[in-house]
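A short worksheet on the structure shown next.
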Amino acid sequence: MKYSFHAFGHKNLLGTHKNTLEFTKDKNLTLKGDCIVGVNADFDAGELKNFIKNCPNKKITITIETSDKKLHEKVNAELNMDFDDEHEIVIRKTDFVSKRTFAVNADKAAFELDRKLVDFLRKSDDKIRIILESA
């Protein structure tokens, strides 16, 4: 099972949060959003729910890659079967769940992403692809 979508970097992207990473459909980002690693995301909430429903197990791999595929990062996590948000995807290192929580028990948070990738994402018109795959 596989689903992918795109997002963009932003000049205010910090990628320093210790417990989460997030993709949002918002186009703007303040410095308070230190977990956000992609803005203006084009994911379809219905497709995400379908991915969760049809995933053979709860374990997934989230790949974040640049359009030229020179920079990429993999995050392993477990799906939250109750995810139900049309605007944000939150991936957490902890087991805390809310409707915005797409995955829990992740092996990385925003601050653990490769700093070269985070620097790339600070350029507001740089596009990334996020690939969700069952593990």
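Ligands are numbered from 1 in the order shown, chains are lettered A, B, ... in the order of the structure tokens, and residues start at 1 in each chain.
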
Mind running region 41-122 of chain A against region 18-21 of chain A at 10 Å and telling me each contacting residue's nearest atom pair with the distance in Å (one decimal), counting only C-alpha atoms, chain and number ascending, as JSON lines?
{"residue": "A:Ile89", "atom": "CA", "partner": "A:Leu21", "partner_atom": "CA", "distance": 8.4}
{"residue": "A:Val90", "atom": "CA", "partner": "A:Leu21", "partner_atom": "CA", "distance": 6.0}
{"residue": "A:Ile91", "atom": "CA", "partner": "A:Leu21", "partner_atom": "CA", "distance": 5.4}
{"residue": "A:Arg92", "atom": "CA", "partner": "A:Thr20", "partner_atom": "CA", "distance": 4.4}
{"residue": "A:Lys93", "atom": "CA", "partner": "A:Asn19", "partner_atom": "CA", "distance": 5.2}
{"residue": "A:Thr94", "atom": "CA", "partner": "A:Asn19", "partner_atom": "CA", "distance": 6.9}
{"residue": "A:Thr101", "atom": "CA", "partner": "A:Thr20", "partner_atom": "CA", "distance": 9.6}
{"residue": "A:Ala103", "atom": "CA", "partner": "A:Thr20", "partner_atom": "CA", "distance": 9.8}
{"residue": "A:Val104", "atom": "CA", "partner": "A:Thr20", "partner_atom": "CA", "distance": 9.1}
{"residue": "A:Asn105", "atom": "CA", "partner": "A:Asn19", "partner_atom": "CA", "distance": 9.6}
{"residue": "A:Ala106", "atom": "CA", "partner": "A:Thr20", "partner_atom": "CA", "distance": 8.4}
{"residue": "A:Asp107", "atom": "CA", "partner": "A:Asn19", "partner_atom": "CA", "distance": 9.8}
{"residue": "A:Lys108", "atom": "CA", "partner": "A:Asn19", "partner_atom": "CA", "distance": 7.9}
{"residue": "A:Ala109", "atom": "CA", "partner": "A:Thr20", "partner_atom": "CA", "distance": 4.8}
{"residue": "A:Ala110", "atom": "CA", "partner": "A:Leu21", "partner_atom": "CA", "distance": 4.8}
{"residue": "A:Phe111", "atom": "CA", "partner": "A:Lys18", "partner_atom": "CA", "distance": 5.8}
{"residue": "A:Glu112", "atom": "CA", "partner": "A:Lys18", "partner_atom": "CA", "distance": 7.9}
{"residue": "A:Leu113", "atom": "CA", "partner": "A:Leu21", "partner_atom": "CA", "distance": 9.4}

For those residues, write N, CA, C and O atoms to a file as a PDB file, in the first residue's frame.
ATOM      1  N   ILE A  89      -1.286  16.881   9.000  1.00  0.00           N
ATOM      2  CA  ILE A  89      -0.820  15.524   9.282  1.00  0.00           C
ATOM      3  C   ILE A  89       0.274  15.654  10.327  1.00  0.00           C
ATOM      4  O   ILE A  89       1.314  16.259  10.067  1.00  0.00           O
ATOM      5  N   VAL A  90       0.031  15.100  11.509  1.00  0.00           N
ATOM      6  CA  VAL A  90       1.021  15.163  12.585  1.00  0.00           C
ATOM      7  C   VAL A  90       1.559  13.756  12.839  1.00  0.00           C
ATOM      8  O   VAL A  90       0.788  12.804  12.993  1.00  0.00           O
ATOM      9  N   ILE A  91       2.879  13.641  12.893  1.00  0.00           N
ATOM     10  CA  ILE A  91       3.564  12.390  13.206  1.00  0.00           C
ATOM     11  C   ILE A  91       4.284  12.610  14.527  1.00  0.00           C
ATOM     12  O   ILE A  91       5.042  13.580  14.673  1.00  0.00           O
ATOM     13  N   ARG A  92       4.041  11.722  15.491  1.00  0.00           N
ATOM     14  CA  ARG A  92       4.559  11.907  16.847  1.00  0.00           C
ATOM     15  C   ARG A  92       5.499  10.783  17.274  1.00  0.00           C
ATOM     16  O   ARG A  92       5.274   9.623  16.928  1.00  0.00           O
ATOM     17  N   LYS A  93       6.509  11.141  18.060  1.00  0.00           N
ATOM     18  CA  LYS A  93       7.388  10.138  18.656  1.00  0.00           C
ATOM     19  C   LYS A  93       6.692   9.438  19.822  1.00  0.00           C
ATOM     20  O   LYS A  93       7.023   8.310  20.144  1.00  0.00           O
ATOM     21  N   THR A  94       5.738  10.109  20.418  1.00  0.00           N
ATOM     22  CA  THR A  94       5.017   9.554  21.567  1.00  0.00           C
ATOM     23  C   THR A  94       3.801   8.765  21.085  1.00  0.00           C
ATOM     24  O   THR A  94       3.554   8.658  19.891  1.00  0.00           O
ATOM     25  N   THR A 101      -3.460  13.503  14.620  1.00  0.00           N
ATOM     26  CA  THR A 101      -2.335  12.568  14.670  1.00  0.00           C
ATOM     27  C   THR A 101      -2.482  11.505  13.591  1.00  0.00           C
ATOM     28  O   THR A 101      -3.389  10.675  13.663  1.00  0.00           O
ATOM     29  N   ALA A 103       0.269   9.457  12.737  1.00  0.00           N
ATOM     30  CA  ALA A 103       1.078   8.318  13.159  1.00  0.00           C
ATOM     31  C   ALA A 103       1.739   8.606  14.506  1.00  0.00           C
ATOM     32  O   ALA A 103       1.977   9.762  14.856  1.00  0.00           O
ATOM     33  N   VAL A 104       2.022   7.534  15.246  1.00  0.00           N
ATOM     34  CA  VAL A 104       2.628   7.618  16.577  1.00  0.00           C
ATOM     35  C   VAL A 104       3.873   6.729  16.637  1.00  0.00           C
ATOM     36  O   VAL A 104       4.151   5.976  15.711  1.00  0.00           O
ATOM     37  N   ASN A 105       4.578   6.846  17.758  1.00  0.00           N
ATOM     38  CA  ASN A 105       5.770   6.026  18.016  1.00  0.00           C
ATOM     39  C   ASN A 105       6.781   6.110  16.867  1.00  0.00           C
ATOM     40  O   ASN A 105       7.422   5.116  16.516  1.00  0.00           O
ATOM     41  N   ALA A 106       6.919   7.295  16.313  1.00  0.00           N
ATOM     42  CA  ALA A 106       7.860   7.516  15.211  1.00  0.00           C
ATOM     43  C   ALA A 106       9.296   7.434  15.726  1.00  0.00           C
ATOM     44  O   ALA A 106       9.568   7.737  16.886  1.00  0.00           O
ATOM     45  N   ASP A 107      10.199   7.042  14.854  1.00  0.00           N
ATOM     46  CA  ASP A 107      11.599   6.956  15.258  1.00  0.00           C
ATOM     47  C   ASP A 107      12.363   8.259  15.041  1.00  0.00           C
ATOM     48  O   ASP A 107      13.546   8.346  15.363  1.00  0.00           O
ATOM     49  N   LYS A 108      11.666   9.291  14.528  1.00  0.00           N
ATOM     50  CA  LYS A 108      12.291  10.609  14.363  1.00  0.00           C
ATOM     51  C   LYS A 108      11.247  11.695  14.535  1.00  0.00           C
ATOM     52  O   LYS A 108      10.076  11.509  14.206  1.00  0.00           O
ATOM     53  N   ALA A 109      11.705  12.838  15.014  1.00  0.00           N
ATOM     54  CA  ALA A 109      10.893  14.054  15.065  1.00  0.00           C
ATOM     55  C   ALA A 109      11.583  15.090  14.175  1.00  0.00           C
ATOM     56  O   ALA A 109      12.652  14.828  13.608  1.00  0.00           O
ATOM     57  N   ALA A 110      11.002  16.269  14.082  1.00  0.00           N
ATOM     58  CA  ALA A 110      11.533  17.301  13.189  1.00  0.00           C
ATOM     59  C   ALA A 110      13.006  17.602  13.454  1.00  0.00           C
ATOM     60  O   ALA A 110      13.788  17.766  12.515  1.00  0.00           O
ATOM     61  N   PHE A 111      13.409  17.673  14.727  1.00  0.00           N
ATOM     62  CA  PHE A 111      14.791  18.059  15.037  1.00  0.00           C
ATOM     63  C   PHE A 111      15.805  17.002  14.611  1.00  0.00           C
ATOM     64  O   PHE A 111      17.004  17.282  14.520  1.00  0.00           O
ATOM     65  N   GLU A 112      15.351  15.785  14.334  1.00  0.00           N
ATOM     66  CA  GLU A 112      16.263  14.699  13.958  1.00  0.00           C
ATOM     67  C   GLU A 112      16.400  14.522  12.449  1.00  0.00           C
ATOM     68  O   GLU A 112      17.163  13.677  12.000  1.00  0.00           O
ATOM     69  N   LEU A 113      15.684  15.327  11.692  1.00  0.00           N
ATOM     70  CA  LEU A 113      15.821  15.251  10.238  1.00  0.00           C
ATOM     71  C   LEU A 113      17.183  15.793   9.813  1.00  0.00           C
ATOM     72  O   LEU A 113      17.744  16.674  10.465  1.00  0.00           O
TER      73      LEU A 113
END

*Would you kindly return, as a VMD selection string, each protein, DNA or RNA residue with an atom no farther than 9 Å from any atom of Val118 (chain A), considering only C-alpha atoms and excluding same-chain residues fewer than 2 positions away?*
chain A and resid 9 13 to 15 37 110 113 to 116 120 to 122

Take the residues just selected and output them with all heavy atoms as a compact mmCIF listing (two decimals), in the first residue's frame.
# COMPACT_ATOMS: atom_id res chain seq x y z
N GLY A 9 8.66 23.87 1.12
CA GLY A 9 9.38 24.46 2.23
C GLY A 9 8.88 25.88 2.46
O GLY A 9 7.97 26.36 1.79
N LEU A 13 10.70 27.89 8.23
CA LEU A 13 10.75 26.50 8.67
C LEU A 13 11.98 26.28 9.55
O LEU A 13 13.09 26.61 9.15
CB LEU A 13 10.81 25.59 7.44
CG LEU A 13 10.61 24.12 7.71
CD1 LEU A 13 9.76 23.52 6.60
CD2 LEU A 13 11.93 23.41 7.80
N LEU A 14 11.75 25.75 10.74
CA LEU A 14 12.83 25.50 11.68
C LEU A 14 13.18 24.03 11.81
O LEU A 14 14.34 23.67 11.93
CB LEU A 14 12.48 26.06 13.07
CG LEU A 14 12.26 27.57 13.15
CD1 LEU A 14 11.77 27.96 14.54
CD2 LEU A 14 13.54 28.30 12.80
N GLY A 15 12.17 23.18 11.86
CA GLY A 15 12.41 21.74 12.02
C GLY A 15 13.15 21.41 13.30
O GLY A 15 14.08 20.62 13.28
N VAL A 37 7.31 20.72 8.72
CA VAL A 37 8.40 20.51 7.76
C VAL A 37 7.90 20.55 6.31
O VAL A 37 8.65 20.25 5.39
CB VAL A 37 9.17 19.20 8.05
CG1 VAL A 37 9.88 19.30 9.39
CG2 VAL A 37 8.26 17.99 8.00
N ALA A 110 11.00 16.27 14.08
CA ALA A 110 11.53 17.30 13.19
C ALA A 110 13.01 17.60 13.45
O ALA A 110 13.79 17.77 12.52
CB ALA A 110 10.69 18.57 13.31
N LEU A 113 15.68 15.33 11.69
CA LEU A 113 15.82 15.25 10.24
C LEU A 113 17.18 15.79 9.81
O LEU A 113 17.74 16.67 10.46
CB LEU A 113 14.71 16.05 9.56
CG LEU A 113 13.28 15.57 9.80
CD1 LEU A 113 12.30 16.51 9.11
CD2 LEU A 113 13.08 14.14 9.33
N ASP A 114 17.69 15.26 8.72
CA ASP A 114 18.97 15.71 8.18
C ASP A 114 18.93 17.23 8.00
O ASP A 114 18.02 17.77 7.38
CB ASP A 114 19.18 15.01 6.83
CG ASP A 114 20.52 15.31 6.19
OD1 ASP A 114 21.03 16.44 6.33
OD2 ASP A 114 21.04 14.42 5.51
N ARG A 115 19.90 17.92 8.55
CA ARG A 115 19.93 19.39 8.49
C ARG A 115 20.06 19.89 7.06
O ARG A 115 19.62 20.99 6.74
CB ARG A 115 21.06 19.94 9.36
CG ARG A 115 20.84 19.73 10.86
CD ARG A 115 19.64 20.50 11.40
NE ARG A 115 18.46 19.66 11.52
CZ ARG A 115 17.26 20.08 11.87
NH1 ARG A 115 17.04 21.32 12.17
NH2 ARG A 115 16.24 19.26 11.93
N LYS A 116 20.66 19.11 6.16
CA LYS A 116 20.73 19.52 4.75
C LYS A 116 19.32 19.57 4.16
O LYS A 116 19.01 20.46 3.38
CB LYS A 116 21.60 18.55 3.95
CG LYS A 116 23.07 18.67 4.26
CD LYS A 116 23.86 17.67 3.44
CE LYS A 116 25.32 17.69 3.84
NZ LYS A 116 26.09 16.65 3.17
N PHE A 120 17.32 22.91 2.87
CA PHE A 120 16.65 22.91 1.57
C PHE A 120 15.21 23.41 1.73
O PHE A 120 14.73 24.21 0.93
CB PHE A 120 16.67 21.49 1.00
CG PHE A 120 15.89 21.32 -0.28
CD1 PHE A 120 16.51 21.52 -1.50
CD2 PHE A 120 14.56 20.95 -0.25
CE1 PHE A 120 15.79 21.36 -2.68
CE2 PHE A 120 13.83 20.79 -1.43
CZ PHE A 120 14.46 20.99 -2.65
N LEU A 121 14.53 22.95 2.77
CA LEU A 121 13.13 23.30 2.99
C LEU A 121 12.93 24.76 3.38
O LEU A 121 11.83 25.28 3.27
CB LEU A 121 12.53 22.39 4.07
CG LEU A 121 12.38 20.93 3.66
CD1 LEU A 121 12.04 20.06 4.86
CD2 LEU A 121 11.35 20.79 2.57
N ARG A 122 13.98 25.43 3.83
CA ARG A 122 13.87 26.86 4.16
C ARG A 122 13.72 27.73 2.92
O ARG A 122 13.40 28.90 3.01
CB ARG A 122 15.09 27.31 4.95
CG ARG A 122 15.00 26.90 6.40
CD ARG A 122 15.99 27.65 7.26
NE ARG A 122 15.98 27.05 8.57
CZ ARG A 122 16.91 26.23 9.04
NH1 ARG A 122 17.97 25.96 8.30
NH2 ARG A 122 16.79 25.72 10.24

*Looking at A:Asp126, A:Asp44, A:Glu73, A:Asp68, which one is nearest to Asp85 (chain A), with distances taken over only C-alpha atoms?*
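Counting only C-alpha atoms, the residue closest to Asp85 (chain A) is A:Asp44.
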
_Can you tell me which residues surround Leu71 (chain A) at a distance of at most 7 Å, considering only C-alpha atoms, apart from same-chain residues fewer than 4 positions away, and format the answer as JSON, numbers by chain?_
{"A": [65, 66, 117]}

_Given only C-alpha atoms as the basis, pick out the residue of A:Ala45, A:Met81, A:His17, A:His10 nearest to Lys32 (chain A)._
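Ranking A:Ala45, A:Met81, A:His17, A:His10 by distance to Lys32 (chain A), first place goes to A:His17.
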
In chain A, DSSP alpha helix (DSSP H) residues written as a short mmCIF file (atom, residue, chain, number, x, y, z; two decimals) with N, CA, C and O atoms, in the first residue's frame:
data_model
loop_
_atom_site.label_atom_id
_atom_site.label_comp_id
_atom_site.auth_asym_id
_atom_site.auth_seq_id
_atom_site.Cartn_x
_atom_site.Cartn_y
_atom_site.Cartn_z
N ALA A 45 -7.56 14.15 2.24
CA ALA A 45 -7.92 13.49 3.50
C ALA A 45 -8.63 12.16 3.25
O ALA A 45 -8.39 11.18 3.97
N GLY A 46 -9.47 12.11 2.25
CA GLY A 46 -10.17 10.86 1.93
C GLY A 46 -9.20 9.77 1.51
O GLY A 46 -9.35 8.61 1.91
N GLU A 47 -8.20 10.14 0.72
CA GLU A 47 -7.19 9.16 0.31
C GLU A 47 -6.35 8.69 1.50
O GLU A 47 -5.97 7.53 1.57
N LEU A 48 -6.05 9.62 2.43
CA LEU A 48 -5.31 9.22 3.63
C LEU A 48 -6.11 8.23 4.46
O LEU A 48 -5.57 7.23 4.95
N LYS A 49 -7.39 8.49 4.62
CA LYS A 49 -8.25 7.57 5.38
C LYS A 49 -8.32 6.21 4.69
O LYS A 49 -8.32 5.17 5.33
N ASN A 50 -8.37 6.22 3.37
CA ASN A 50 -8.38 4.99 2.60
C ASN A 50 -7.06 4.23 2.79
O ASN A 50 -7.05 3.01 2.93
N PHE A 51 -5.95 4.96 2.79
CA PHE A 51 -4.64 4.35 3.02
C PHE A 51 -4.63 3.66 4.39
O PHE A 51 -4.21 2.51 4.51
N ILE A 52 -5.10 4.36 5.41
CA ILE A 52 -5.14 3.79 6.77
C ILE A 52 -6.01 2.54 6.79
O ILE A 52 -5.62 1.50 7.33
N LYS A 53 -7.18 2.63 6.21
CA LYS A 53 -8.14 1.52 6.22
C LYS A 53 -7.59 0.28 5.52
O LYS A 53 -7.81 -0.84 5.95
N ASN A 54 -6.85 0.48 4.43
CA ASN A 54 -6.37 -0.64 3.63
C ASN A 54 -4.93 -1.06 3.90
O ASN A 54 -4.42 -1.96 3.23
N ARG A 115 19.90 17.92 8.55
CA ARG A 115 19.93 19.39 8.49
C ARG A 115 20.06 19.89 7.06
O ARG A 115 19.62 20.99 6.74
N LYS A 116 20.66 19.11 6.16
CA LYS A 116 20.73 19.52 4.75
C LYS A 116 19.32 19.57 4.16
O LYS A 116 19.01 20.46 3.38
N LEU A 117 18.48 18.62 4.54
CA LEU A 117 17.10 18.63 4.08
C LEU A 117 16.34 19.82 4.67
O LEU A 117 15.61 20.51 3.96
N VAL A 118 16.53 20.09 5.94
CA VAL A 118 15.87 21.23 6.59
C VAL A 118 16.31 22.54 5.93
O VAL A 118 15.48 23.41 5.66
N ASP A 119 17.59 22.68 5.65
CA ASP A 119 18.09 23.88 4.96
C ASP A 119 17.44 24.02 3.58
O ASP A 119 17.06 25.11 3.18
N PHE A 120 17.32 22.91 2.87
CA PHE A 120 16.65 22.91 1.57
C PHE A 120 15.21 23.41 1.73
O PHE A 120 14.73 24.21 0.93
N LEU A 121 14.53 22.95 2.77
CA LEU A 121 13.13 23.30 2.99
C LEU A 121 12.93 24.76 3.38
O LEU A 121 11.83 25.28 3.27
#

*Please return as a PyMOL selection string: the residues of region 10-41 of chain A that backbone DSSP assigns to strand (DSSP E or B).*
chain A and resi 20-24+36-39

*Give the answer as one residue: which of A:Phe8, A:Tyr3, A:Phe102, A:Phe83 has the shortest atom-to-atom distance to Asn28 (chain A), using only C-alpha atoms?*
A:Phe8

*Rank nothing, just name the residue among A:Asn80, A:Asn40, A:Ser98, A:Thr63 nearest to Glu133 (chain A), using only C-alpha atoms.*
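Once distances to Glu133 (chain A) are computed over only C-alpha atoms, the minimum belongs to A:Thr63.
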
*Measure the distance from CA of Glu78 (chain A) to CA of Val97 (chain A) in Å and round it to one decimal.*
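Here the two named atoms are 11.3 Å from each other.
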
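Between CA of Pro56 (chain A) and CA of Ala7 (chain A) there is a distance of 25.9 Å.
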